[in-house]
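Undergrad: So that you have it, the file is entry_15.txt, and it contains compact mmCIF, N, CA and C atoms:
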```txt
# COMPACT_ATOMS: atom_id res chain seq x y z
N VAL A 1 188.48 86.38 219.22
CA VAL A 1 187.94 87.44 218.38
C VAL A 1 186.41 87.46 218.49
N ILE A 2 185.82 86.30 218.36
CA ILE A 2 184.37 86.21 218.47
C ILE A 2 183.94 86.54 219.91
N GLN A 3 184.66 85.98 220.87
CA GLN A 3 184.33 86.22 222.27
C GLN A 3 184.47 87.69 222.63
N MET A 4 185.48 88.36 222.08
CA MET A 4 185.67 89.79 222.34
C MET A 4 184.44 90.57 221.88
N ALA A 5 183.92 90.25 220.71
CA ALA A 5 182.73 90.95 220.21
C ALA A 5 181.51 90.65 221.08
N LEU A 6 181.38 89.42 221.53
CA LEU A 6 180.24 89.05 222.36
C LEU A 6 180.31 89.68 223.75
N ASP A 7 181.53 89.76 224.31
CA ASP A 7 181.70 90.28 225.67
C ASP A 7 181.72 91.80 225.76
N ASN A 8 182.08 92.47 224.66
CA ASN A 8 182.26 93.92 224.69
C ASN A 8 181.54 94.61 223.54
N PRO A 9 180.25 94.41 223.40
CA PRO A 9 179.56 94.94 222.22
C PRO A 9 179.62 96.45 222.07
N SER A 10 179.62 97.19 223.17
CA SER A 10 179.63 98.64 223.04
C SER A 10 181.03 99.19 222.76
N ALA A 11 182.07 98.42 223.06
CA ALA A 11 183.44 98.90 222.88
C ALA A 11 184.04 98.51 221.54
N ILE A 12 183.41 97.61 220.84
CA ILE A 12 183.99 97.05 219.61
C ILE A 12 183.26 97.58 218.38
N ASN A 13 184.02 98.17 217.48
CA ASN A 13 183.47 98.54 216.17
C ASN A 13 183.68 97.41 215.18
N LYS A 14 184.83 96.75 215.29
CA LYS A 14 185.12 95.60 214.45
C LYS A 14 186.06 94.70 215.23
N SER A 15 185.78 93.42 215.23
CA SER A 15 186.64 92.43 215.86
C SER A 15 187.14 91.53 214.74
N ALA A 16 188.43 91.63 214.45
CA ALA A 16 188.99 90.91 213.31
C ALA A 16 189.99 89.85 213.77
N GLY A 17 189.86 88.69 213.20
CA GLY A 17 190.82 87.61 213.44
C GLY A 17 191.56 87.31 212.14
N VAL A 18 192.87 87.29 212.23
CA VAL A 18 193.71 87.03 211.06
C VAL A 18 194.50 85.76 211.35
N GLU A 19 194.28 84.76 210.54
CA GLU A 19 194.93 83.46 210.74
C GLU A 19 195.60 83.01 209.46
N LEU A 20 196.88 82.70 209.55
CA LEU A 20 197.64 82.26 208.38
C LEU A 20 197.27 80.83 207.98
N SER A 21 197.02 79.98 208.97
CA SER A 21 196.70 78.58 208.70
C SER A 21 195.27 78.45 208.16
N LYS A 22 195.13 77.84 207.00
CA LYS A 22 193.80 77.64 206.41
C LYS A 22 192.93 76.75 207.31
N ASP A 23 193.52 75.71 207.89
CA ASP A 23 192.75 74.82 208.76
C ASP A 23 192.21 75.55 209.98
N ARG A 24 193.04 76.37 210.63
CA ARG A 24 192.59 77.11 211.80
C ARG A 24 191.54 78.16 211.41
N HIS A 25 191.76 78.80 210.28
CA HIS A 25 190.78 79.78 209.80
C HIS A 25 189.43 79.10 209.56
N ASP A 26 189.44 77.92 208.95
CA ASP A 26 188.20 77.19 208.69
C ASP A 26 187.48 76.81 209.98
N VAL A 27 188.22 76.43 211.02
CA VAL A 27 187.61 76.11 212.32
C VAL A 27 186.93 77.35 212.89
N ALA A 28 187.61 78.49 212.84
CA ALA A 28 187.03 79.74 213.36
C ALA A 28 185.80 80.15 212.55
N SER A 29 185.88 80.03 211.23
CA SER A 29 184.74 80.39 210.37
C SER A 29 183.53 79.50 210.65
N SER A 30 183.79 78.22 210.88
CA SER A 30 182.71 77.29 211.20
C SER A 30 182.06 77.67 212.53
N ALA A 31 182.88 78.02 213.52
CA ALA A 31 182.33 78.44 214.83
C ALA A 31 181.50 79.70 214.68
N LEU A 32 181.99 80.65 213.89
CA LEU A 32 181.24 81.88 213.68
C LEU A 32 179.92 81.60 212.99
N SER A 33 179.91 80.71 212.02
CA SER A 33 178.66 80.35 211.33
C SER A 33 177.65 79.74 212.30
N ARG A 34 178.14 78.86 213.19
CA ARG A 34 177.23 78.25 214.17
C ARG A 34 176.66 79.30 215.11
N ILE A 35 177.49 80.23 215.53
CA ILE A 35 177.02 81.28 216.45
C ILE A 35 176.04 82.20 215.73
N ARG A 36 176.33 82.51 214.47
CA ARG A 36 175.42 83.39 213.72
C ARG A 36 174.05 82.75 213.52
N SER A 37 173.97 81.43 213.53
CA SER A 37 172.67 80.77 213.36
C SER A 37 171.96 80.56 214.70
N SER A 38 172.55 81.08 215.78
CA SER A 38 171.94 80.96 217.11
C SER A 38 171.15 82.23 217.43
N ASP A 39 170.91 82.46 218.70
CA ASP A 39 170.09 83.59 219.14
C ASP A 39 170.86 84.90 219.31
N TYR A 40 172.16 84.90 219.03
CA TYR A 40 172.93 86.13 219.21
C TYR A 40 172.53 87.17 218.17
N SER A 41 172.72 88.41 218.53
CA SER A 41 172.35 89.53 217.68
C SER A 41 173.12 89.52 216.36
N PRO A 42 172.42 89.49 215.23
CA PRO A 42 173.11 89.56 213.94
C PRO A 42 173.91 90.85 213.78
N GLU A 43 173.39 91.94 214.35
CA GLU A 43 174.10 93.21 214.27
C GLU A 43 175.45 93.12 214.98
N LEU A 44 175.44 92.50 216.16
CA LEU A 44 176.66 92.34 216.93
C LEU A 44 177.66 91.46 216.17
N LEU A 45 177.21 90.35 215.66
CA LEU A 45 178.12 89.43 214.98
C LEU A 45 178.56 89.94 213.62
N SER A 46 177.89 90.95 213.08
CA SER A 46 178.35 91.55 211.83
C SER A 46 179.65 92.32 212.04
N LYS A 47 179.99 92.58 213.31
CA LYS A 47 181.23 93.27 213.63
C LYS A 47 182.44 92.33 213.59
N VAL A 48 182.21 91.04 213.44
CA VAL A 48 183.29 90.05 213.44
C VAL A 48 183.74 89.78 212.01
N GLU A 49 185.03 89.90 211.79
CA GLU A 49 185.63 89.61 210.49
C GLU A 49 186.76 88.61 210.69
N LEU A 50 186.72 87.53 209.92
CA LEU A 50 187.77 86.52 209.98
C LEU A 50 188.48 86.48 208.63
N ALA A 51 189.80 86.54 208.65
CA ALA A 51 190.58 86.56 207.41
C ALA A 51 191.63 85.46 207.45
N ASN A 52 191.73 84.74 206.35
CA ASN A 52 192.81 83.77 206.15
C ASN A 52 193.91 84.53 205.42
N ALA A 53 194.82 85.11 206.20
CA ALA A 53 195.81 86.02 205.62
C ALA A 53 197.06 86.09 206.48
N ASP A 54 198.04 86.78 205.96
CA ASP A 54 199.28 87.07 206.67
C ASP A 54 199.07 88.33 207.49
N ALA A 55 199.22 88.25 208.80
CA ALA A 55 198.99 89.41 209.67
C ALA A 55 199.90 90.58 209.33
N LEU A 56 201.06 90.31 208.75
CA LEU A 56 201.98 91.39 208.39
C LEU A 56 201.49 92.16 207.16
N LYS A 57 200.52 91.60 206.44
CA LYS A 57 199.97 92.26 205.26
C LYS A 57 198.52 92.70 205.45
N TYR A 58 197.95 92.42 206.60
CA TYR A 58 196.55 92.74 206.88
C TYR A 58 196.42 94.22 207.25
N ASP A 59 195.31 94.83 206.87
CA ASP A 59 195.07 96.24 207.17
C ASP A 59 194.43 96.37 208.56
N PHE A 60 195.24 96.72 209.55
CA PHE A 60 194.78 96.94 210.92
C PHE A 60 194.52 98.42 211.19
N SER A 61 194.44 99.24 210.17
CA SER A 61 194.40 100.69 210.36
C SER A 61 193.21 101.17 211.19
N ASP A 62 192.12 100.40 211.25
CA ASP A 62 190.98 100.83 212.06
C ASP A 62 190.88 100.08 213.39
N ALA A 63 191.94 99.36 213.74
CA ALA A 63 191.94 98.60 214.99
C ALA A 63 192.16 99.50 216.19
N THR A 64 191.45 99.21 217.27
CA THR A 64 191.69 99.88 218.55
C THR A 64 192.27 98.90 219.57
N HIS A 65 191.93 97.63 219.44
CA HIS A 65 192.40 96.58 220.33
C HIS A 65 192.96 95.44 219.48
N ILE A 66 194.13 94.94 219.85
CA ILE A 66 194.75 93.84 219.10
C ILE A 66 195.17 92.76 220.08
N PHE A 67 194.80 91.52 219.76
CA PHE A 67 195.27 90.35 220.50
C PHE A 67 196.19 89.58 219.58
N VAL A 68 197.38 89.24 220.08
CA VAL A 68 198.37 88.52 219.27
C VAL A 68 198.63 87.18 219.94
N SER A 69 198.15 86.12 219.31
CA SER A 69 198.41 84.76 219.81
C SER A 69 199.77 84.34 219.26
N SER A 70 200.81 84.77 219.95
CA SER A 70 202.14 84.84 219.37
C SER A 70 203.15 83.82 219.88
N LEU A 71 202.73 82.82 220.60
CA LEU A 71 203.69 81.88 221.18
C LEU A 71 204.62 81.24 220.16
N CYS A 72 204.12 80.93 219.00
CA CYS A 72 204.93 80.22 218.00
C CYS A 72 205.44 81.13 216.88
N PHE A 73 205.26 82.44 217.03
CA PHE A 73 205.74 83.36 215.98
C PHE A 73 207.27 83.40 215.99
N PRO A 74 207.88 83.35 214.83
CA PRO A 74 209.32 83.60 214.78
C PRO A 74 209.60 85.03 215.27
N ARG A 75 210.75 85.24 215.86
CA ARG A 75 211.12 86.55 216.41
C ARG A 75 210.95 87.65 215.36
N SER A 76 211.35 87.38 214.10
CA SER A 76 211.26 88.41 213.06
C SER A 76 209.81 88.82 212.79
N VAL A 77 208.90 87.87 212.82
CA VAL A 77 207.49 88.18 212.60
C VAL A 77 206.95 89.02 213.76
N LEU A 78 207.29 88.63 214.97
CA LEU A 78 206.84 89.38 216.14
C LEU A 78 207.39 90.81 216.12
N GLU A 79 208.64 90.98 215.74
CA GLU A 79 209.22 92.33 215.67
C GLU A 79 208.56 93.16 214.57
N ASN A 80 208.32 92.55 213.41
CA ASN A 80 207.67 93.28 212.32
C ASN A 80 206.23 93.67 212.68
N LEU A 81 205.53 92.79 213.37
CA LEU A 81 204.16 93.10 213.80
C LEU A 81 204.15 94.26 214.80
N GLN A 82 205.12 94.28 215.69
CA GLN A 82 205.22 95.40 216.63
C GLN A 82 205.51 96.71 215.90
N ASP A 83 206.35 96.67 214.87
CA ASP A 83 206.61 97.87 214.07
C ASP A 83 205.32 98.42 213.47
N ILE A 84 204.46 97.51 213.00
CA ILE A 84 203.17 97.91 212.44
C ILE A 84 202.29 98.53 213.52
N ILE A 85 202.21 97.87 214.67
CA ILE A 85 201.37 98.36 215.77
C ILE A 85 201.81 99.76 216.21
N LEU A 86 203.12 99.97 216.27
CA LEU A 86 203.64 101.25 216.77
C LEU A 86 203.29 102.44 215.88
N ILE A 87 202.96 102.21 214.62
CA ILE A 87 202.61 103.33 213.74
C ILE A 87 201.11 103.49 213.53
N LEU A 88 200.32 102.61 214.12
CA LEU A 88 198.86 102.71 213.98
C LEU A 88 198.31 103.74 214.97
N ASP A 89 197.56 104.69 214.47
CA ASP A 89 197.05 105.79 215.30
C ASP A 89 195.97 105.38 216.28
N ASP A 90 195.12 104.45 215.90
CA ASP A 90 193.93 104.17 216.71
C ASP A 90 194.11 103.06 217.74
N VAL A 91 195.20 102.31 217.69
CA VAL A 91 195.38 101.19 218.62
C VAL A 91 195.62 101.73 220.02
N LYS A 92 194.81 101.25 220.95
CA LYS A 92 194.89 101.68 222.35
C LYS A 92 195.32 100.57 223.28
N VAL A 93 194.98 99.31 222.93
CA VAL A 93 195.28 98.17 223.79
C VAL A 93 195.81 97.03 222.92
N VAL A 94 196.89 96.40 223.40
CA VAL A 94 197.43 95.22 222.74
C VAL A 94 197.63 94.16 223.81
N ALA A 95 197.16 92.95 223.52
CA ALA A 95 197.41 91.81 224.40
C ALA A 95 198.16 90.76 223.59
N ALA A 96 199.14 90.15 224.21
CA ALA A 96 199.95 89.15 223.51
C ALA A 96 200.32 88.02 224.46
N LEU A 97 200.56 86.85 223.91
CA LEU A 97 200.91 85.70 224.74
C LEU A 97 202.37 85.72 225.18
N ASN A 98 203.17 86.61 224.61
CA ASN A 98 204.53 86.77 225.08
C ASN A 98 204.91 88.25 225.08
N ARG A 99 206.09 88.55 225.59
CA ARG A 99 206.52 89.95 225.70
C ARG A 99 206.60 90.62 224.34
N LEU A 100 206.25 91.89 224.34
CA LEU A 100 206.41 92.71 223.14
C LEU A 100 207.48 93.76 223.47
N ASP A 101 208.72 93.40 223.20
CA ASP A 101 209.87 94.21 223.62
C ASP A 101 209.81 95.64 223.09
N LYS A 102 209.38 95.81 221.86
CA LYS A 102 209.35 97.16 221.28
C LYS A 102 208.29 98.03 221.93
N LEU A 103 207.15 97.45 222.30
CA LEU A 103 206.14 98.22 223.03
C LEU A 103 206.65 98.56 224.43
N GLU A 104 207.31 97.60 225.06
CA GLU A 104 207.85 97.86 226.40
C GLU A 104 208.91 98.95 226.37
N ALA A 105 209.68 99.03 225.30
CA ALA A 105 210.74 100.04 225.19
C ALA A 105 210.19 101.41 224.79
N SER A 106 208.99 101.43 224.26
CA SER A 106 208.41 102.69 223.78
C SER A 106 207.89 103.53 224.95
N SER A 107 208.14 104.82 224.89
CA SER A 107 207.61 105.73 225.93
C SER A 107 206.11 105.96 225.76
N ASP A 108 205.54 105.49 224.65
CA ASP A 108 204.11 105.68 224.38
C ASP A 108 203.24 104.54 224.91
N TRP A 109 203.87 103.48 225.43
CA TRP A 109 203.13 102.30 225.85
C TRP A 109 203.52 101.87 227.26
N ASP A 110 202.56 101.34 228.00
CA ASP A 110 202.80 100.75 229.32
C ASP A 110 202.34 99.30 229.29
N GLU A 111 203.15 98.42 229.90
CA GLU A 111 202.66 97.07 230.16
C GLU A 111 201.87 97.16 231.44
N VAL A 112 200.60 96.86 231.39
CA VAL A 112 199.72 97.08 232.53
C VAL A 112 199.65 95.85 233.42
N LYS A 113 199.48 94.70 232.83
CA LYS A 113 199.31 93.51 233.66
C LYS A 113 199.37 92.24 232.83
N ASP A 114 199.53 91.13 233.54
CA ASP A 114 199.33 89.80 232.96
C ASP A 114 197.91 89.39 233.27
N VAL A 115 197.21 88.91 232.27
CA VAL A 115 195.82 88.49 232.43
C VAL A 115 195.73 86.99 232.21
N PRO A 116 195.14 86.26 233.15
CA PRO A 116 194.98 84.81 232.95
C PRO A 116 194.00 84.53 231.81
N LEU A 117 194.33 83.55 231.00
CA LEU A 117 193.48 83.13 229.87
C LEU A 117 193.32 81.62 229.88
N GLN A 118 192.17 81.16 229.47
CA GLN A 118 191.99 79.74 229.25
C GLN A 118 192.27 79.47 227.77
N MET A 119 193.28 78.70 227.52
CA MET A 119 193.66 78.37 226.15
C MET A 119 193.20 76.94 225.85
N THR A 120 193.25 76.53 224.61
CA THR A 120 192.84 75.16 224.27
C THR A 120 193.72 74.13 224.95
N TRP A 121 194.96 74.47 225.26
CA TRP A 121 195.88 73.53 225.89
C TRP A 121 195.89 73.64 227.41
N GLY A 122 195.12 74.57 227.96
CA GLY A 122 195.07 74.75 229.42
C GLY A 122 195.21 76.21 229.80
N ALA A 123 195.62 76.43 231.04
CA ALA A 123 195.74 77.80 231.54
C ALA A 123 196.91 78.51 230.89
N GLY A 124 196.72 79.78 230.59
CA GLY A 124 197.77 80.61 230.01
C GLY A 124 197.61 82.03 230.51
N SER A 125 198.41 82.93 229.96
CA SER A 125 198.26 84.34 230.32
C SER A 125 198.68 85.21 229.14
N ALA A 126 198.17 86.42 229.15
CA ALA A 126 198.53 87.40 228.12
C ALA A 126 199.07 88.64 228.81
N LYS A 127 200.05 89.25 228.20
CA LYS A 127 200.54 90.55 228.64
C LYS A 127 199.68 91.61 227.95
N VAL A 128 199.20 92.57 228.74
CA VAL A 128 198.32 93.61 228.20
C VAL A 128 199.08 94.94 228.25
N TYR A 129 199.10 95.61 227.11
CA TYR A 129 199.77 96.90 226.96
C TYR A 129 198.72 97.95 226.62
N HIS A 130 198.84 99.11 227.26
CA HIS A 130 197.94 100.23 226.98
C HIS A 130 198.76 101.39 226.45
N GLN A 131 198.23 102.03 225.43
CA GLN A 131 198.88 103.24 224.94
C GLN A 131 198.68 104.36 225.95
N ARG A 132 199.67 105.21 226.13
CA ARG A 132 199.61 106.29 227.14
C ARG A 132 198.87 107.51 226.59
N THR A 133 197.60 107.34 226.23
CA THR A 133 196.79 108.47 225.76
C THR A 133 195.38 108.30 226.26
N GLY A 134 194.68 109.40 226.37
CA GLY A 134 193.25 109.38 226.66
C GLY A 134 192.88 108.53 227.85
N ASP A 135 191.83 107.74 227.70
CA ASP A 135 191.28 106.93 228.79
C ASP A 135 192.22 105.83 229.24
N TYR A 136 193.22 105.50 228.43
CA TYR A 136 194.08 104.36 228.74
C TYR A 136 195.38 104.77 229.42
N GLN A 137 195.58 106.04 229.66
CA GLN A 137 196.81 106.50 230.29
C GLN A 137 196.89 105.96 231.71
N THR A 138 198.07 105.46 232.07
CA THR A 138 198.26 104.91 233.41
C THR A 138 199.06 105.90 234.25
N GLN A 139 198.94 105.76 235.53
CA GLN A 139 199.65 106.65 236.46
C GLN A 139 201.07 106.18 236.69
```
Could you rewrite the structure in this file as structure tokens?

TA:
Amino acid sequence: VIQMALDNPSAINKSAGVELSKDRHDVASSALSRIRSSDYSPELLSKVELANADALKYDFSDATHIFVSSLCFPRSVLENLQDIILILDDVKVVAALNRLDKLEASSDWDEVKDVPLQMTWGAGSAKVYHQRTGDYQTQ
């Protein structure tokens, strides 16, 4: 979430991280505090929001890009999160650590590619989905 804001300042209006685990949220908040006290632009980092909350209850209504670190999500949570994503008007790109069956089945979404990611445990990858509208429409 923080890296997305740093790497894509012109494309991001808000970069939000939602973490259910209090310990993980505290680690992310501490990292954000350290970065905010460095030389990075305060204006840029003001776009970062970290919430210790349930992603199924979080307001993603202004999201355009969503990353789902979903390897350990129960199937029901992953399905409910996809239901939420499918009704959000502004979401254009979704990346997830595992398949999003409902997005793949939707005629409004394309799975574009697998993207390699460096995770804390080593090399990983994310599936990237683009909504079939505007600049993100695929051939």

Undergrad: Hey, can I get the axis-aligned box for range 19-35 of chain A? All listed atoms, 8 Å padding on each side, centre and edge lengths in Å to one decimal, as lines of an AutoDock Vina configuration file.

TA:
```
center_x = 186.8
center_y = 79.8
center_z = 211.4
size_x = 37.6
size_y = 25.9
size_z = 26.0
```

Undergrad: Just checking: using only C-alpha atoms, which residue out of A:Asp26, A:Asp62, A:Glu43, A:Asp7 ends up closest to Asp90 in chain A?

TA: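 Checking each of A:Asp26, A:Asp62, A:Glu43, A:Asp7 against Asp90 in chain A, counting only C-alpha atoms, the winner is A:Asp62.
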
Undergrad: Rounded to one decimal, what separation in Å do you get between CA of Thr64 in chain A and CA of Ile35 in chain A?

TA: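 Taking CA of Thr64 in chain A as the start and CA of Ile35 in chain A as the end point, the length is 23.8 Å.
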
Undergrad: Just to confirm, what's the straight-line distance from CA of Arg24 in chain A to atom N of Ser70 in chain A in Å (one decimal)?

TA: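 Going from CA of Arg24 in chain A over to atom N of Ser70 in chain A covers 13.9 Å.
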
Undergrad: What lies within 8 Å of range 116-131 of chain A using only C-alpha atoms, ignoring chain neighbours under 3 positions off, as a count of residues only?

TA: 19

Undergrad: One decimal, Å: what's the distance from atom N of Asp83 in chain A over to atom N of Arg132 in chain A, could you say?

TA: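 Going from atom N of Asp83 in chain A over to atom N of Arg132 in chain A, I get 15.6 Å.
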
Undergrad: For Ile66 in chain A, which of A:Ser15, A:Ser46, A:Thr133, A:Ser21 is the closest residue, counting only C-alpha atoms?

TA: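 Counting only C-alpha atoms, the residue closest to Ile66 in chain A is A:Ser15.
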
Undergrad: Of the residues A:Glu19, A:Ser106, A:Gln3, A:Glu79, which is the one nearest to Tyr40 in chain A, using only C-alpha atoms?

TA: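 Checking each of A:Glu19, A:Ser106, A:Gln3, A:Glu79 against Tyr40 in chain A, counting only C-alpha atoms, the winner is A:Gln3.
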
Undergrad: So which residues of chain A fall under helix (DSSP H, G or I) by DSSP, listed as number ranges by chain?

TA: A: 2-7, 22-36, 42-45, 75-87, 101-105, 134-136

Undergrad: Please identify the strand (DSSP E) residues within range 3-120 of chain A (assignment by DSSP from backbone atoms) and present them as a list in words.

TA: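 Selecting the strand (DSSP E) positions of range 3-120 of chain A gives Ser15, Ala16, Gly17, Val18, Glu19, Val48, Glu49, Leu50, Ala51, Asn52, His65, Ile66, Phe67, Val68, Val93, Val94, Ala95, Ala96, Trp109, Asp110, Glu111, Val112, Lys113, Asp114, Val115, Pro116, Leu117, Gln118 and Met119 of chain A.
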
Undergrad: With N, CA and C atoms retained, write the just-selected residues as a PDB file, in the coordinates of the input.

TA:
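As written to disk, again.pdb reads:
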```pdb
ATOM      1  N   SER A  15     185.780  93.420 215.230  1.00  0.00           N
ATOM      2  CA  SER A  15     186.640  92.430 215.860  1.00  0.00           C
ATOM      3  C   SER A  15     187.140  91.530 214.740  1.00  0.00           C
ATOM      4  N   ALA A  16     188.430  91.630 214.450  1.00  0.00           N
ATOM      5  CA  ALA A  16     188.990  90.910 213.310  1.00  0.00           C
ATOM      6  C   ALA A  16     189.990  89.850 213.770  1.00  0.00           C
ATOM      7  N   GLY A  17     189.860  88.690 213.200  1.00  0.00           N
ATOM      8  CA  GLY A  17     190.820  87.610 213.440  1.00  0.00           C
ATOM      9  C   GLY A  17     191.560  87.310 212.140  1.00  0.00           C
ATOM     10  N   VAL A  18     192.870  87.290 212.230  1.00  0.00           N
ATOM     11  CA  VAL A  18     193.710  87.030 211.060  1.00  0.00           C
ATOM     12  C   VAL A  18     194.500  85.760 211.350  1.00  0.00           C
ATOM     13  N   GLU A  19     194.280  84.760 210.540  1.00  0.00           N
ATOM     14  CA  GLU A  19     194.930  83.460 210.740  1.00  0.00           C
ATOM     15  C   GLU A  19     195.600  83.010 209.460  1.00  0.00           C
ATOM     16  N   VAL A  48     182.210  91.040 213.440  1.00  0.00           N
ATOM     17  CA  VAL A  48     183.290  90.050 213.440  1.00  0.00           C
ATOM     18  C   VAL A  48     183.740  89.780 212.010  1.00  0.00           C
ATOM     19  N   GLU A  49     185.030  89.900 211.790  1.00  0.00           N
ATOM     20  CA  GLU A  49     185.630  89.610 210.490  1.00  0.00           C
ATOM     21  C   GLU A  49     186.760  88.610 210.690  1.00  0.00           C
ATOM     22  N   LEU A  50     186.720  87.530 209.920  1.00  0.00           N
ATOM     23  CA  LEU A  50     187.770  86.520 209.980  1.00  0.00           C
ATOM     24  C   LEU A  50     188.480  86.480 208.630  1.00  0.00           C
ATOM     25  N   ALA A  51     189.800  86.540 208.650  1.00  0.00           N
ATOM     26  CA  ALA A  51     190.580  86.560 207.410  1.00  0.00           C
ATOM     27  C   ALA A  51     191.630  85.460 207.450  1.00  0.00           C
ATOM     28  N   ASN A  52     191.730  84.740 206.350  1.00  0.00           N
ATOM     29  CA  ASN A  52     192.810  83.770 206.150  1.00  0.00           C
ATOM     30  C   ASN A  52     193.910  84.530 205.420  1.00  0.00           C
ATOM     31  N   HIS A  65     191.930  97.630 219.440  1.00  0.00           N
ATOM     32  CA  HIS A  65     192.400  96.580 220.330  1.00  0.00           C
ATOM     33  C   HIS A  65     192.960  95.440 219.480  1.00  0.00           C
ATOM     34  N   ILE A  66     194.130  94.940 219.850  1.00  0.00           N
ATOM     35  CA  ILE A  66     194.750  93.840 219.100  1.00  0.00           C
ATOM     36  C   ILE A  66     195.170  92.760 220.080  1.00  0.00           C
ATOM     37  N   PHE A  67     194.800  91.520 219.760  1.00  0.00           N
ATOM     38  CA  PHE A  67     195.270  90.350 220.500  1.00  0.00           C
ATOM     39  C   PHE A  67     196.190  89.580 219.580  1.00  0.00           C
ATOM     40  N   VAL A  68     197.380  89.240 220.080  1.00  0.00           N
ATOM     41  CA  VAL A  68     198.370  88.520 219.270  1.00  0.00           C
ATOM     42  C   VAL A  68     198.630  87.180 219.940  1.00  0.00           C
ATOM     43  N   VAL A  93     194.980  99.310 222.930  1.00  0.00           N
ATOM     44  CA  VAL A  93     195.280  98.170 223.790  1.00  0.00           C
ATOM     45  C   VAL A  93     195.810  97.030 222.920  1.00  0.00           C
ATOM     46  N   VAL A  94     196.890  96.400 223.400  1.00  0.00           N
ATOM     47  CA  VAL A  94     197.430  95.220 222.740  1.00  0.00           C
ATOM     48  C   VAL A  94     197.630  94.160 223.810  1.00  0.00           C
ATOM     49  N   ALA A  95     197.160  92.950 223.520  1.00  0.00           N
ATOM     50  CA  ALA A  95     197.410  91.810 224.400  1.00  0.00           C
ATOM     51  C   ALA A  95     198.160  90.760 223.590  1.00  0.00           C
ATOM     52  N   ALA A  96     199.140  90.150 224.210  1.00  0.00           N
ATOM     53  CA  ALA A  96     199.950  89.150 223.510  1.00  0.00           C
ATOM     54  C   ALA A  96     200.320  88.020 224.460  1.00  0.00           C
ATOM     55  N   TRP A 109     203.870 103.480 225.430  1.00  0.00           N
ATOM     56  CA  TRP A 109     203.130 102.300 225.850  1.00  0.00           C
ATOM     57  C   TRP A 109     203.520 101.870 227.260  1.00  0.00           C
ATOM     58  N   ASP A 110     202.560 101.340 228.000  1.00  0.00           N
ATOM     59  CA  ASP A 110     202.800 100.750 229.320  1.00  0.00           C
ATOM     60  C   ASP A 110     202.340  99.300 229.290  1.00  0.00           C
ATOM     61  N   GLU A 111     203.150  98.420 229.900  1.00  0.00           N
ATOM     62  CA  GLU A 111     202.660  97.070 230.160  1.00  0.00           C
ATOM     63  C   GLU A 111     201.870  97.160 231.440  1.00  0.00           C
ATOM     64  N   VAL A 112     200.600  96.860 231.390  1.00  0.00           N
ATOM     65  CA  VAL A 112     199.720  97.080 232.530  1.00  0.00           C
ATOM     66  C   VAL A 112     199.650  95.850 233.420  1.00  0.00           C
ATOM     67  N   LYS A 113     199.480  94.700 232.830  1.00  0.00           N
ATOM     68  CA  LYS A 113     199.310  93.510 233.660  1.00  0.00           C
ATOM     69  C   LYS A 113     199.370  92.240 232.830  1.00  0.00           C
ATOM     70  N   ASP A 114     199.530  91.130 233.540  1.00  0.00           N
ATOM     71  CA  ASP A 114     199.330  89.800 232.960  1.00  0.00           C
ATOM     72  C   ASP A 114     197.910  89.390 233.270  1.00  0.00           C
ATOM     73  N   VAL A 115     197.210  88.910 232.270  1.00  0.00           N
ATOM     74  CA  VAL A 115     195.820  88.490 232.430  1.00  0.00           C
ATOM     75  C   VAL A 115     195.730  86.990 232.210  1.00  0.00           C
ATOM     76  N   PRO A 116     195.140  86.260 233.150  1.00  0.00           N
ATOM     77  CA  PRO A 116     194.980  84.810 232.950  1.00  0.00           C
ATOM     78  C   PRO A 116     194.000  84.530 231.810  1.00  0.00           C
ATOM     79  N   LEU A 117     194.330  83.550 231.000  1.00  0.00           N
ATOM     80  CA  LEU A 117     193.480  83.130 229.870  1.00  0.00           C
ATOM     81  C   LEU A 117     193.320  81.620 229.880  1.00  0.00           C
ATOM     82  N   GLN A 118     192.170  81.160 229.470  1.00  0.00           N
ATOM     83  CA  GLN A 118     191.990  79.740 229.250  1.00  0.00           C
ATOM     84  C   GLN A 118     192.270  79.470 227.770  1.00  0.00           C
ATOM     85  N   MET A 119     193.280  78.700 227.520  1.00  0.00           N
ATOM     86  CA  MET A 119     193.660  78.370 226.150  1.00  0.00           C
ATOM     87  C   MET A 119     193.200  76.940 225.850  1.00  0.00           C
TER      88      MET A 119
END
```

Undergrad: Would you mind telling me which residue in A:Arg36, A:His65, A:Lys14, A:Lys22 lies nearest to Ala53 in chain A when using only C-alpha atoms?

TA: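 Of A:Arg36, A:His65, A:Lys14, A:Lys22, the one nearest Ala53 in chain A, counting only C-alpha atoms, is A:Lys22.
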
Undergrad: Measuring atom to atom with only C-alpha atoms, identify which of A:Leu100, A:Leu50, A:Leu78, A:Leu45 is nearest to Gly17 in chain A.

TA: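 That would be A:Leu50, the residue with the smallest distance to Gly17 in chain A.
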
Undergrad: When distances are computed from only C-alpha atoms, which of A:Glu49, A:Glu104, A:Asp23, A:Asp54 shows the smallest separation from Ala5 in chain A?

TA: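 Closest to Ala5 in chain A, using only C-alpha atoms: A:Glu49.
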
Undergrad: Pop range 73-85 of chain A out of the structure in the block and write C-alpha atoms as a tab-separated table (two decimals), in the first residue's frame.

TA:
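Saved the output as result36.tsv:
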```
chain	number	residue	atom	x	y	z
A	73	PHE	CA	-8.48	-16.01	3.32
A	74	PRO	CA	-11.26	-18.52	3.86
A	75	ARG	CA	-13.16	-19.19	0.62
A	76	SER	CA	-16.28	-17.44	2.00
A	77	VAL	CA	-14.34	-14.24	2.74
A	78	LEU	CA	-12.75	-14.25	-0.71
A	79	GLU	CA	-16.14	-14.76	-2.37
A	80	ASN	CA	-17.78	-12.00	-0.31
A	81	LEU	CA	-14.93	-9.60	-1.11
A	82	GLN	CA	-15.35	-10.32	-4.82
A	83	ASP	CA	-19.08	-9.58	-4.52
A	84	ILE	CA	-18.15	-6.17	-3.07
A	85	ILE	CA	-15.58	-5.49	-5.81
```
